[in-house]
Amino acid sequence: MLLYNSVNIEKGTVLRKMSVVIGIDVGGSTTKIVGFDENMILIEPLIVTAADPITSIYGAFGKFTVENKISLEQISKIMVTGVGSSYIKKPIYNLDCRTVPEFPSVGHGGLYLSSLDEAVVVSMGTGTAFIHAKKGAEVTHLGGTGVGGGTLMGLAKKLLDMEDIENIIDLAEKGDLNRCDLRVTDITSKDTMPEILGELTAANFGRISDLTEKEDIALGIVNMICETVAMLAIFGARSKNLCDIVLTGNLTTFPIIKKTFSNLGKLFGMNFIFPNRSQYGTVIGAALLSKKYD
C-alpha cells in the first residue's frame, strides 16, 4: 500500500490515466525521488544510494516507476535539482527534463511539508543552507555554513574511527555532555545566572579530559553541529521577524537531533518544526516548481 496524503490507495490503481510530475534530487551520495499526480497528490518518495550520480539517478527512477506502476507515457515532466544534477547531459529516457535551482526547491518544499505561508527553511545536508520562503514571493537564500552532515562524518571518522551514521548517532545517545562541553554555569556564579541560561554551551569540547569517553565525544560532535545550525537559523528568523523554522534534510530524522533543536527553540522563543518526510523537502520542492515551467 502507498500513502497518498493520508489516504491509502493500492499500488497501480490510480495513476494509469494520470499525468505525473517527477522530482529528483541528486545529492553527493544519495538520490531522492518523488512524484505528484495531475491533482498534485503526493506519491510516496524514496531514496537510493549508489557510487556515482548517474547510476543513482537511473536506479532511483527505475525503482520508483516500477514500484508505483508508472509508465513513461504517464510522465509529463521531470524536475531535477541538487549538486549532482549537472551530470545529466541529456533527457532521461527522452522525457521533458528541467534542471531547477536547489534553494527555491528547499523553500517550496519546506512550506509544503509544514503547511506554512512563511518560514525560514533549513536544509541540513553535507553543509547547511538557510532559506527565507514566503508564498507568492521569491525565495531568498539567507546564507549557509559548512557545518552539517559532512562535518559529522568527517569528525567521527577522525576522532572515533567510525563511518556509519546510524552507529555514530547510537553512540551519541549514550554520551554525557558534562564530560565534553563547558557550560555557562561552569564559569559563572550560579547565584547571578538563571538556571536555564546556565545550561547553555560556553565552549564546545571545552571540558574534554582524559576521562572523556567515545560516547561523550560523539554526543559533543552532534551537539556542536546542532547548536551551530540552530543559532544561525535563529539569527535568520529574527532578521525576518519570524518564529517558525522548518528543518529538512537527512539529519532531521534522528530523535537526538530533534531534541537539541527543541530545547534551544524553547529557550529562544523559536518554533523548530520537523515535518513528516522532512528528509525529502528539497526533492518535493523541485517537483512543485514544475508549475513554473508549464
# chains A, B, ... in the order shown; residues from 1 in each chain; ligands from 1
>>> residues_around(residues="stretch 277-292 of chain A", least_positions_apart="3", cutoff="6 Å", atoms="only C-alpha atoms", output="PyMOL selection string")
chain A and resi 22-25+79+105-106+108-110+248-250
>>> write_last_selection(atoms="N, CA and C atoms", output="JSON list (two decimals), in the first residue's frame")
[["chain", "number", "residue", "atom", "x", "y", "z"],
["A", 22, "ILE", "N", 7.65, 14.15, -11.94],
["A", 22, "ILE", "CA", 8.67, 13.51, -11.13],
["A", 22, "ILE", "C", 9.69, 14.54, -10.67],
["A", 23, "GLY", "N", 10.05, 14.50, -9.40],
["A", 23, "GLY", "CA", 11.14, 15.32, -8.86],
["A", 23, "GLY", "C", 12.30, 14.43, -8.49],
["A", 24, "ILE", "N", 13.52, 14.86, -8.82],
["A", 24, "ILE", "CA", 14.73, 14.10, -8.48],
["A", 24, "ILE", "C", 15.75, 15.04, -7.86],
["A", 25, "ASP", "N", 16.25, 14.70, -6.69],
["A", 25, "ASP", "CA", 17.29, 15.47, -6.01],
["A", 25, "ASP", "C", 18.55, 14.62, -5.97],
["A", 79, "MET", "N", 11.67, 17.10, -12.94],
["A", 79, "MET", "CA", 12.34, 18.26, -12.37],
["A", 79, "MET", "C", 13.54, 17.79, -11.56],
["A", 105, "SER", "N", 13.92, 25.13, -4.46],
["A", 105, "SER", "CA", 13.37, 23.81, -4.16],
["A", 105, "SER", "C", 13.27, 23.60, -2.65],
["A", 106, "VAL", "N", 14.30, 24.00, -1.93],
["A", 106, "VAL", "CA", 14.29, 23.88, -0.47],
["A", 106, "VAL", "C", 13.14, 24.69, 0.12],
["A", 108, "HIS", "N", 10.28, 25.94, -1.29],
["A", 108, "HIS", "CA", 8.95, 25.46, -1.64],
["A", 108, "HIS", "C", 8.64, 24.14, -0.93],
["A", 109, "GLY", "N", 9.63, 23.27, -0.83],
["A", 109, "GLY", "CA", 9.42, 22.00, -0.15],
["A", 109, "GLY", "C", 9.14, 22.19, 1.33],
["A", 110, "GLY", "N", 9.86, 23.11, 1.96],
["A", 110, "GLY", "CA", 9.65, 23.36, 3.38],
["A", 110, "GLY", "C", 8.26, 23.90, 3.69],
["A", 248, "THR", "N", 14.79, 20.56, 7.32],
["A", 248, "THR", "CA", 14.72, 19.50, 6.32],
["A", 248, "THR", "C", 16.11, 18.89, 6.14],
["A", 249, "GLY", "N", 16.15, 17.74, 5.48],
["A", 249, "GLY", "CA", 17.43, 17.07, 5.23],
["A", 249, "GLY", "C", 17.56, 15.78, 6.03],
["A", 250, "ASN", "N", 18.52, 14.97, 5.66],
["A", 250, "ASN", "CA", 18.67, 13.64, 6.25],
["A", 250, "ASN", "C", 18.90, 13.65, 7.75]]
>>> select_by_dssp(residues="stretch 8-230 of chain A", states="strand (DSSP E or B)", output="ChimeraX atom specification")
/A:8-9,20-26,30-36,42-49,75-81,97-99,118-124,128-134,140-145,182-183,201-203
>>> residues_around(residues="stretch 153-170 of chain A", least_positions_apart="2", cutoff="12 Å", atoms="only C-alpha atoms", output="PyMOL selection string")
chain A and resi 125-127+146-151+172-175+213-225+250-257
>>> write_last_selection(atoms="N, CA, C and O atoms", output="CSV table (one decimal), in the first residue's frame")
chain,number,residue,atom,x,y,z
A,125,GLY,N,22.2,19.2,4.9
A,125,GLY,CA,22.8,18.2,4.1
A,125,GLY,C,24.2,18.0,4.5
A,125,GLY,O,24.6,18.0,5.7
A,126,THR,N,25.1,18.0,3.5
A,126,THR,CA,26.5,17.9,3.7
A,126,THR,C,27.0,19.1,4.5
A,126,THR,O,27.8,19.1,5.4
A,127,GLY,N,26.5,20.3,4.0
A,127,GLY,CA,26.6,21.5,4.7
A,127,GLY,C,25.2,22.0,5.0
A,127,GLY,O,24.2,21.2,4.9
A,146,GLY,N,29.3,25.6,6.4
A,146,GLY,CA,29.9,24.3,6.0
A,146,GLY,C,29.7,23.3,7.1
A,146,GLY,O,30.1,22.2,7.0
A,147,VAL,N,29.1,23.7,8.2
A,147,VAL,CA,28.8,22.8,9.3
A,147,VAL,C,27.5,22.0,9.0
A,147,VAL,O,26.4,22.6,8.8
A,148,GLY,N,27.6,20.7,8.9
A,148,GLY,CA,26.4,19.9,8.6
A,148,GLY,C,26.8,18.4,8.7
A,148,GLY,O,27.6,18.0,9.5
A,149,GLY,N,26.1,17.6,7.8
A,149,GLY,CA,26.3,16.2,7.9
A,149,GLY,C,27.7,15.8,7.5
A,149,GLY,O,28.3,14.8,8.0
A,150,GLY,N,28.4,16.5,6.6
A,150,GLY,CA,29.7,16.3,6.2
A,150,GLY,C,30.7,16.5,7.4
A,150,GLY,O,31.7,15.7,7.6
A,151,THR,N,30.4,17.5,8.2
A,151,THR,CA,31.2,17.7,9.4
A,151,THR,C,31.0,16.6,10.4
A,151,THR,O,32.0,16.1,11.0
A,172,ALA,N,26.2,8.4,20.3
A,172,ALA,CA,26.0,9.7,20.9
A,172,ALA,C,24.9,9.7,21.9
A,172,ALA,O,24.9,10.4,22.9
A,173,GLU,N,23.9,8.9,21.7
A,173,GLU,CA,22.8,8.8,22.6
A,173,GLU,C,23.2,8.2,24.0
A,173,GLU,O,22.4,8.4,25.0
A,174,LYS,N,24.3,7.6,24.0
A,174,LYS,CA,24.8,7.1,25.3
A,174,LYS,C,25.8,8.1,26.0
A,174,LYS,O,26.3,7.8,27.1
A,175,GLY,N,26.1,9.2,25.4
A,175,GLY,CA,27.1,10.2,25.9
A,175,GLY,C,26.6,11.1,26.9
A,175,GLY,O,25.4,11.2,27.2
A,213,GLU,N,34.8,9.8,27.3
A,213,GLU,CA,34.7,8.6,26.6
A,213,GLU,C,34.3,8.8,25.1
A,213,GLU,O,33.9,10.0,24.8
A,214,LYS,N,34.3,7.8,24.3
A,214,LYS,CA,33.9,7.9,22.9
A,214,LYS,C,32.5,8.4,22.8
A,214,LYS,O,32.1,9.2,21.9
A,215,GLU,N,31.6,7.9,23.7
A,215,GLU,CA,30.2,8.3,23.7
A,215,GLU,C,30.0,9.8,23.9
A,215,GLU,O,29.2,10.4,23.2
A,216,ASP,N,30.8,10.3,24.8
A,216,ASP,CA,30.8,11.7,25.1
A,216,ASP,C,31.2,12.6,23.9
A,216,ASP,O,30.7,13.6,23.6
A,217,ILE,N,32.3,12.1,23.2
A,217,ILE,CA,32.8,12.8,22.1
A,217,ILE,C,31.8,12.8,20.9
A,217,ILE,O,31.5,13.8,20.2
A,218,ALA,N,31.1,11.6,20.7
A,218,ALA,CA,30.1,11.5,19.7
A,218,ALA,C,29.0,12.5,20.0
A,218,ALA,O,28.5,13.2,19.0
A,219,LEU,N,28.5,12.6,21.2
A,219,LEU,CA,27.5,13.5,21.5
A,219,LEU,C,27.9,14.9,21.4
A,219,LEU,O,27.2,15.8,20.9
A,220,GLY,N,29.2,15.2,21.7
A,220,GLY,CA,29.7,16.5,21.6
A,220,GLY,C,29.7,17.0,20.1
A,220,GLY,O,29.4,18.1,19.8
A,221,ILE,N,30.1,16.1,19.2
A,221,ILE,CA,30.1,16.4,17.8
A,221,ILE,C,28.7,16.7,17.3
A,221,ILE,O,28.4,17.8,16.7
A,222,VAL,N,27.7,15.9,17.7
A,222,VAL,CA,26.3,16.1,17.3
A,222,VAL,C,25.8,17.4,17.9
A,222,VAL,O,25.2,18.2,17.2
A,223,ASN,N,26.1,17.6,19.1
A,223,ASN,CA,25.6,18.8,19.8
A,223,ASN,C,26.2,20.1,19.2
A,223,ASN,O,25.5,21.1,19.0
A,224,MET,N,27.5,20.1,18.8
A,224,MET,CA,28.1,21.3,18.2
A,224,MET,C,27.5,21.6,16.9
A,224,MET,O,27.2,22.8,16.6
A,225,ILE,N,27.2,20.6,16.1
A,225,ILE,CA,26.6,20.8,14.8
A,225,ILE,C,25.2,21.4,15.0
A,225,ILE,O,24.8,22.4,14.3
A,250,ASN,N,18.5,15.0,5.7
A,250,ASN,CA,18.7,13.6,6.2
A,250,ASN,C,18.9,13.7,7.8
A,250,ASN,O,18.4,12.8,8.5
A,251,LEU,N,19.6,14.6,8.3
A,251,LEU,CA,20.0,14.7,9.7
A,251,LEU,C,18.7,14.9,10.6
A,251,LEU,O,18.7,14.6,11.7
A,252,THR,N,17.7,15.4,10.0
A,252,THR,CA,16.5,15.8,10.8
A,252,THR,C,15.7,14.6,11.2
A,252,THR,O,14.7,14.7,12.0
A,253,THR,N,16.1,13.4,10.8
A,253,THR,CA,15.3,12.2,11.1
A,253,THR,C,15.7,11.6,12.4
A,253,THR,O,15.0,10.7,12.9
A,254,PHE,N,16.7,12.0,13.0
A,254,PHE,CA,17.3,11.4,14.3
A,254,PHE,C,16.7,12.1,15.5
A,254,PHE,O,16.8,13.3,15.7
A,255,PRO,N,16.1,11.3,16.4
A,255,PRO,CA,15.5,11.9,17.6
A,255,PRO,C,16.4,12.8,18.5
A,255,PRO,O,16.0,13.8,19.0
A,256,ILE,N,17.7,12.4,18.6
A,256,ILE,CA,18.6,13.2,19.4
A,256,ILE,C,18.8,14.6,18.8
A,256,ILE,O,19.0,15.5,19.6
A,257,ILE,N,18.8,14.7,17.5
A,257,ILE,CA,18.9,16.0,16.9
A,257,ILE,C,17.7,16.8,17.1
A,257,ILE,O,17.7,18.0,17.3
>>> residues_around(residues="stretch 179-183 of chain A", least_positions_apart="5", cutoff="9 Å", atoms="only C-alpha atoms", output="ChimeraX atom specification")
/A:188,198-209,211-213,216-217,219-220
>>> closest_residue(among="A:Ala137, A:Val121, A:Ile78, A:Cys226", to="A:Tyr93", atoms="only C-alpha atoms")
A:Ile78
>>> select_by_dssp(residues="stretch 2-120 of chain A", states="helix (DSSP H, G or I)", output="PyMOL selection string")
chain A and resi 53-67+72-74+85-87+92-94+102-114
>>> closest_residue(among="A:Leu42, A:Phe274, A:Ile54, A:Leu171", to="A:Lys89", atoms="only C-alpha atoms")
A:Ile54
>>> closest_atom_pairs(of="stretch 64-121 of chain A", to="stretch 50-53 of chain A", cutoff="10 Å", atoms="only C-alpha atoms", output="Markdown table")
| residue | atom | partner | partner_atom | distance |
| --- | --- | --- | --- | --- |
| A:Val83 | CA | A:Pro53 | CA | 9.5 |
| A:Gly84 | CA | A:Pro53 | CA | 6.1 |
| A:Ser85 | CA | A:Pro53 | CA | 8.2 |
| A:Ser86 | CA | A:Pro53 | CA | 9.5 |
| A:Tyr87 | CA | A:Pro53 | CA | 7.0 |
| A:Ile88 | CA | A:Pro53 | CA | 8.8 |
>>> closest_residue(among="A:Leu264, A:Gly27, A:Glu67, A:Val21", to="A:Val48", atoms="only C-alpha atoms")
A:Gly27
>>> closest_residue(among="A:Lys259, A:Asn241, A:Asp176, A:Thr185", to="A:Glu118", atoms="only C-alpha atoms")
A:Asn241
>>> residues_around(residues="A:Glu73", least_positions_apart="3", cutoff="9 Å", atoms="only C-alpha atoms", output="PyMOL selection string")
chain A and resi 19+70+76
>>> atom_distance(atom1="atom CA of A:Glu38", atom2="atom CA of A:Lys77")
11.1 Å
>>> residues_around(residues="A:Ile43", least_positions_apart="2", cutoff="7 Å", atoms="only C-alpha atoms", output="list in words")
Tyr4, Val34, Gly35, Phe36, Ile41 and Pro45 of chain A
